[in-house]
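Visitor: Structure in structure tokens, see below.
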Amino acid sequence: MAPASPAEANPADHGLGIKIPFQHKHLLGISQLNQYEILELLNRSEAMIPISRQPRKSLPTLSGKTQINLFFEPSTRTQASFEIAGKRLGAQVMNMSVRTSSVTKGETLIDTAATLNAMQPDVIIVRHSAAGAVELLSQKVGCSVINAGDGAHEHPTQALLDALTIRQHKQRLAGLTVAICGDIANSRVARSNLLLLGAMQVRTRVIAPRTLLPKGIESLATEVFTDMRAGLEGADVVMMLRLQHERANGRLIPSVREYYRFFGLDAEKLALAKPDAIVMHPGPMNRGVEIDPAIADGARSVITDQVEMGVAVRMAVLDALLADPSQVQA
Amino acid sequence: MNGRPLIVENARIVDPASGFDAVGALRVEGGRIAGVSRGPTGAPEGAIRVDAKGLVLAPGLVDLRVFTGEPGREYRETLQSAGEAAAAGGVTSFLAMPDTQPVIDDGALIDYLSRRAQATCKVRVLPAAAITKGLSGEEITEFGLLREAGAVAFTDGRHSIQSSAVLRAAFSYAANFDMPVLHHVRDNALAGDGVMNEGLFATVLGLKGIPREAETIPLARDLELAALTGVRYHAAQVSTARSVELISAAKVRNEAVSCAVSINNLSLNENDVGAYRTFFKLNPPLRTEDDRRALIEGLKSGAIDTIHSDHDPQDTEVKRQPFAEASDGAIGLETMLAAALRLHHSGDVELMVLLRAMTSRPAEILGIEAGALKVGAPADFILIDIDYPWQVKEADFHSRSRNTAFEGARLAGKVAATYVAGARVFELQGATA
């Protein structure tokens with residue numbers, strides 16, 4: 001007898017009691033997903049939300065599975081989120097952060113992967129500072145791989161949790177205007193979001209100074225703005241990206257105070273968005289650089305909801321990739 | 001300002017912005033131009049009437065490259081003395097270069113400069129902010145905040161940014177705020193220790209030369225980056241025939257680029273260095289006569305947009321040195337117009353073209369309301385006696401500095417009167433009107 005599945009607990013199973021099997025072995029990016037797959041993942045994620053809210057936060061669909069979190073770049077929230085997600089699904093989770101590993105002794109990415117692979121994990125979750133590194137690793141291991149962020153390329157679970165958060169607050173995605181503001185050129189969060197929101201018929205706007213806009217961005221977003229006030233007008237969602245302090249060193253941005261004045265989210269600029277617009281941020285925030293602390297903590301902010309949705313999304317993704325197909329009810 | 005309307009009659013009114021060139025009258029009310037008319041015209045009641053006696057009436061000159069010593073080196077030139085020199089030279093607006101001490105790279109300093117100019121300078125001072133902090137060529141300044149403080153353009157003055165990456169970021173960022181960038185083009189490595197134009201003359205004098213490529217290579221690079229970023233780019237000053245070719249070609253595909261020439265490079269050539277005369281030590285250097293002719297042709301064809309004075313006051317301590325050790329620079333506010341008129345008198349360049357390069361075109365490049373005799377525009381204008389013969393004498397200068405490249409020169413043409421906002425700020429002693 002299969003354990004109760006989310007499909008039974010939640011009507012987001014298309015009313016058929018069947019989950020659409022996830023066709024991919026890995027989740028490397030939003031670019032590999034079509035809109036139906038995205039919708040399926042969002043629905044599965046929504047079904048996971050109650051699990052984390054009930055007293056026994058457990059749905060052991062991954063019992064007996066081994067999950068390795070392999071983070072070459074530091075991360076507190078994403079790594080913790082994946083760890084909790086895996087554990088709530090009953091998996092054995094092992095965390096590996098590069099500082100403590102033999103990579104510091106000069107072992108290559110591939111050697112590390114091969115070594116771990118020999119220990120027969122079921123899924124490796126990888127974050128790396130080089131775009132494409134996670135895909136490279138996925139070709140060298142036998143298990144599933146989830147991209148937790150590869151350079152400036154993609155961060156698919158972030159885009160999924162962002163979309164889920166928007167849908168929870170706005171009851172839909174299609175037809176909304178979502179403004180993504182900040183260091184677009186260096187942001188994998190921006191790229192994944194633009195891909196996902198674009199596939200779901202959202203009007204996307206990117207807002208950044210020219211020095212932080214990558215070439216060709218006009219083909220990836222519905223609209224491009226270098227004037228934040230113009231870009232925020234009538235927006236339903238304002239998504240702020242972190243500006244690394246190193247960027248404001250005078251090479252591309254002259255100073256933090258200039259950035260905050262023209263591209264930071266303060267009350268004056270937020271007032272141009274719709275009165276019920278929500279404020280998002282993937283974290284960690286640089287208060288006073290890209291966002292007014294009062295807004296980050298204010299009523300329009302859904303930043304903490306994003307974190308909660310993150311666990312649900314990661315549970316859903318792990319489940320989709322790894323759960324025993326015999327659990328799918330006919 | 002002034003209560004009574006003003007009417008200047010019997011003037012040959014030349015307005016490059018509109019192409020107007022006819023004898024007529026200019027009416028001024030409340031510091032602004034109320035009308036330009038052909039032939040005699042009636043004067044409003046109570047108006048001050050000025051008989052221009054046939055002199056040329058043109059918009060006040062807009063000079064895009066003026067160095068002062070304020071703040072930091074007031075002994076060379078203050079805003080006040082620069083204003084006196086400007087008024088005497090018919091310049092009613094000038095772009096103040098940020099090469100001061102401290103460098104104008106912060107909004108507070110723009111504010112300071114504006115206040116000082118307002119209080120002490122009889123002509124209009126347009127603040128330019130540095131592109132890079134401290135003019136070091138490495139970190140860009142706060143373009144947004146500087147614009148809000150009143151900067152009208154960005155330039156590193158005498159300094160040339162060597163890094164393509166910094167330039168690209170600067171151009172991109174300036175385009176973000178729709179601000180013009182005026183950039184001095186000089187490859188410091190190629191220029192090396194050079195002190196004058198590289199050529200036979202430098203060899204004979206035993207002085208190191210600056211090859212033309214020290215200008216043309218960075219100019220070509222700047223023009224490519226300007227096309228890439230869409231910035232409003234103004235090449236600060238060119239000195240070679242090849243530069244004129246480059247800018248002409250660039251303009252075919254990019255309307256947002258423009259180019260300036262110093263009155264010095266238009267008027268003089270390397271032979272004027274003569275016996276190591278340091279007032280002719282300039283940056284870029286005076287080149288050959290062929291280059292000079294090419295610059296004149298460039299002005300006529302429109303490849304070169306503006307003429308400026310490159311007014312660079314230097315004291316004797318830094319000028320009275322062996323040529324190689326002397327500082328670059330010559331003053332020019334008081335001689336620019338007369339030197340430019342040489343080209344008119346020789347028949348090389350039409351008066352309208354010359355004046356356009358010193359009035360409406362510079363104003364267009366900055367995007368400011370100046371340099372044109374348009375109804376509603378500020379009443380900044382000059383009366384010029386274009387045939388007035390005079391000799392440049394040190395003692396006559398209003399500038400605090402004396403490093404002129406026209407010492408002893410016999411010139412034809414002088415400003416008889418200068419008006420800013422309808423008020424007369426300069427009058428030539430013994431002149432008509």
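Chain identifiers are assigned as A, B, and so on, following the order in which chains appear in the structure tokens; residues are numbered from 1 within each chain, and ligands are numbered from 1 in order of appearance.
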Residues of chain B near chain A: apply a cut-off of 6 Å, count only C-alpha atoms, and supply the list as an NGL selection string.
Guide: :B and (139-142 or 169 or 172-173 or 176)
Visitor: Need to verify the contact set: range 22-38 of chain B, 6 Å, only C-alpha atoms, exclusion of same-chain residues closer than 6 positions in sequence. Can you return it as a list in words?
Guide: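 Final neighbour list, sorted by chain and number: Pro5, Leu6, Ile7, Val8, Glu9, Asn10, Ala11, Arg12, Ile13, Val375, Gly376, Ala377, Pro378, Ala379, Ala421 and Gly422 of chain B.
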Visitor: Please provide as an NGL selection string all residues within 7 Å of range 406-420 of chain B, with the sequence filter that same-chain residues fewer than 4 positions apart are discarded (counting only C-alpha atoms).
Guide: :B and (87-90 or 92 or 123 or 338-339 or 341 or 379-393 or 424-428 or 431)
Visitor: What residues in range 146-295 of chain A get the DSSP label helix (DSSP H, G or I)? Please answer as a VMD selection string.
Guide: chain A and resid 156 to 170 184 to 186 188 to 199 210 to 212 217 to 219 228 to 232 245 to 248 256 to 263 267 to 270 293 to 295
Visitor: Any chance you could list, as number ranges by chain, the residues in range 31-234 of chain A that come up strand (DSSP E or B) when DSSP is run on the backbone?
Guide: A: 66-71, 92-97, 123-128, 144-150, 154, 177-181, 203-207, 223-225
Visitor: Can you tell me how far CA of Ile278 in chain A sits from CA of Gln35 in chain A, in Å to one decimal?
Guide: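 We find that CA of Ile278 in chain A and CA of Gln35 in chain A lie 23.5 Å from each other.
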Visitor: If you count only C-alpha atoms, which residues fall within 10 Å of Asp305 in chain A, apart from same-chain ones fewer than 2 positions away, as an NGL selection string?
Guide: :A and (161-162 or 164-166 or 168-169 or 280 or 301-303 or 307-310)
Visitor: Given only C-alpha atoms as the basis, pick out the residue of A:Gly151, A:Pro55, A:Gly132, A:Gly234 nearest to Asp276 in chain A.
Guide: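 Between A:Gly151, A:Pro55, A:Gly132, A:Gly234, the residue approaching Asp276 in chain A most closely is A:Gly234.
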Visitor: Excluding Thr229 in chain B and its own-chain neighbours fewer than 3 positions away, which residues fall within 12 Å of it when counting only C-alpha atoms? Please give them as a list of chain:residue names.
Guide: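 These residues fall inside the cut-off: A:Arg210, A:Thr211, A:Leu213, A:Pro214, A:Lys215, B:Leu167, B:Arg168, B:Ala169, B:Ala170, B:Phe171, B:Ser172, B:Tyr173, B:Ala174, B:Ala175, B:Asn176, B:Asp178, B:Val181, B:Asp222, B:Leu223, B:Glu224, B:Leu225, B:Ala226, B:Arg232, B:Tyr233, B:Asn254, B:Ala256, B:Val257.
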Visitor: For the atom pair CA of Arg242 in chain A and CA of Leu195 in chain A, what is the interatomic distance in Å to one decimal place?
Guide: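 The value is 19.2 Å.
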Visitor: Between A:Met239, A:Val311, A:Leu28, A:Ala299, which has the minimum distance to Asn147 in chain A (counting only C-alpha atoms)?
Guide: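 The closest residue to Asn147 in chain A is A:Leu28.
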Visitor: Please provide the set of residues having any atom within 10 Å of range 346-349 of chain B, restricted to only C-alpha atoms, with same-chain residues fewer than 6 positions apart removed, written as an NGL selection string.
Guide: :B and (293 or 296-297 or 299-300 or 340)
Visitor: B:Thr155, B:Thr404, B:Ser243, B:Gln237: which is nearest Ala220 in chain B, counting only C-alpha atoms?
Guide: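 Answer, going by the shortest atom-to-atom distance: B:Ser243.
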Visitor: Would you compute the distance between CA of Ala249 in chain B and CA of Val62 in chain B? Give it in Å to one decimal.
Guide: 26.3 Å
Visitor: Please identify all polymer residues within 12 Å of Val93 in chain A, counting only C-alpha atoms, omitting same-chain residues fewer than 4 positions from it, and present them as a short mmCIF file (atom, residue, chain, number, x, y, z; two decimals) with N, CA and C atoms, in the first residue's frame.
Guide:
data_model
loop_
_atom_site.label_atom_id
_atom_site.label_comp_id
_atom_site.auth_asym_id
_atom_site.auth_seq_id
_atom_site.Cartn_x
_atom_site.Cartn_y
_atom_site.Cartn_z
N LEU A 62 10.71 9.88 -0.25
CA LEU A 62 12.11 9.63 -0.59
C LEU A 62 12.83 8.80 0.47
N SER A 63 12.09 8.04 1.19
CA SER A 63 12.71 7.21 2.21
C SER A 63 13.70 6.26 1.56
N GLY A 64 14.90 6.20 2.12
CA GLY A 64 15.92 5.33 1.56
C GLY A 64 16.75 5.98 0.46
N LYS A 65 16.42 7.18 0.08
CA LYS A 65 17.19 7.86 -0.96
C LYS A 65 18.32 8.68 -0.34
N THR A 66 19.40 8.83 -1.08
CA THR A 66 20.55 9.61 -0.62
C THR A 66 20.65 10.91 -1.41
N GLN A 67 20.68 12.04 -0.70
CA GLN A 67 20.78 13.37 -1.33
C GLN A 67 22.08 14.02 -0.87
N ILE A 68 22.89 14.44 -1.83
CA ILE A 68 24.11 15.17 -1.48
C ILE A 68 23.96 16.62 -1.95
N ASN A 69 24.17 17.56 -1.04
CA ASN A 69 24.20 18.99 -1.39
C ASN A 69 25.65 19.38 -1.59
N LEU A 70 26.01 19.66 -2.83
CA LEU A 70 27.41 19.96 -3.16
C LEU A 70 27.51 21.43 -3.55
N GLN A 79 21.04 26.23 0.66
CA GLN A 79 21.49 24.92 1.13
C GLN A 79 20.59 24.41 2.24
N ALA A 80 20.26 25.29 3.18
CA ALA A 80 19.37 24.88 4.27
C ALA A 80 18.02 24.47 3.73
N SER A 81 17.54 25.22 2.76
CA SER A 81 16.24 24.94 2.17
C SER A 81 16.22 23.55 1.52
N PHE A 82 17.27 23.22 0.77
CA PHE A 82 17.34 21.90 0.15
C PHE A 82 17.48 20.80 1.20
N GLU A 83 18.21 21.11 2.24
CA GLU A 83 18.40 20.09 3.28
C GLU A 83 17.09 19.77 3.98
N ILE A 84 16.38 20.82 4.35
CA ILE A 84 15.10 20.61 5.02
C ILE A 84 14.11 19.91 4.09
N ALA A 85 14.12 20.33 2.83
CA ALA A 85 13.21 19.72 1.86
C ALA A 85 13.46 18.22 1.77
N GLY A 86 14.73 17.86 1.62
CA GLY A 86 15.08 16.45 1.50
C GLY A 86 14.70 15.66 2.74
N LYS A 87 14.98 16.25 3.90
CA LYS A 87 14.70 15.53 5.14
C LYS A 87 13.22 15.37 5.38
N ARG A 88 12.44 16.37 5.00
CA ARG A 88 10.99 16.23 5.19
C ARG A 88 10.42 15.15 4.29
N LEU A 89 11.12 14.86 3.21
CA LEU A 89 10.67 13.78 2.34
C LEU A 89 11.30 12.45 2.73
N PRO A 121 24.83 8.10 -4.83
CA PRO A 121 23.74 8.97 -4.37
C PRO A 121 22.57 8.88 -5.34
N ASP A 122 21.40 9.31 -4.91
CA ASP A 122 20.25 9.36 -5.80
C ASP A 122 20.10 10.73 -6.45
N VAL A 123 20.55 11.75 -5.72
CA VAL A 123 20.48 13.11 -6.28
C VAL A 123 21.62 13.95 -5.70
N ILE A 124 22.23 14.75 -6.57
CA ILE A 124 23.22 15.72 -6.12
C ILE A 124 22.69 17.10 -6.46
N ILE A 125 22.74 17.97 -5.48
CA ILE A 125 22.30 19.35 -5.71
C ILE A 125 23.55 20.21 -5.74
N LEU A 318 12.35 17.57 -5.79
CA LEU A 318 12.97 16.30 -5.38
C LEU A 318 12.00 15.14 -5.60
#
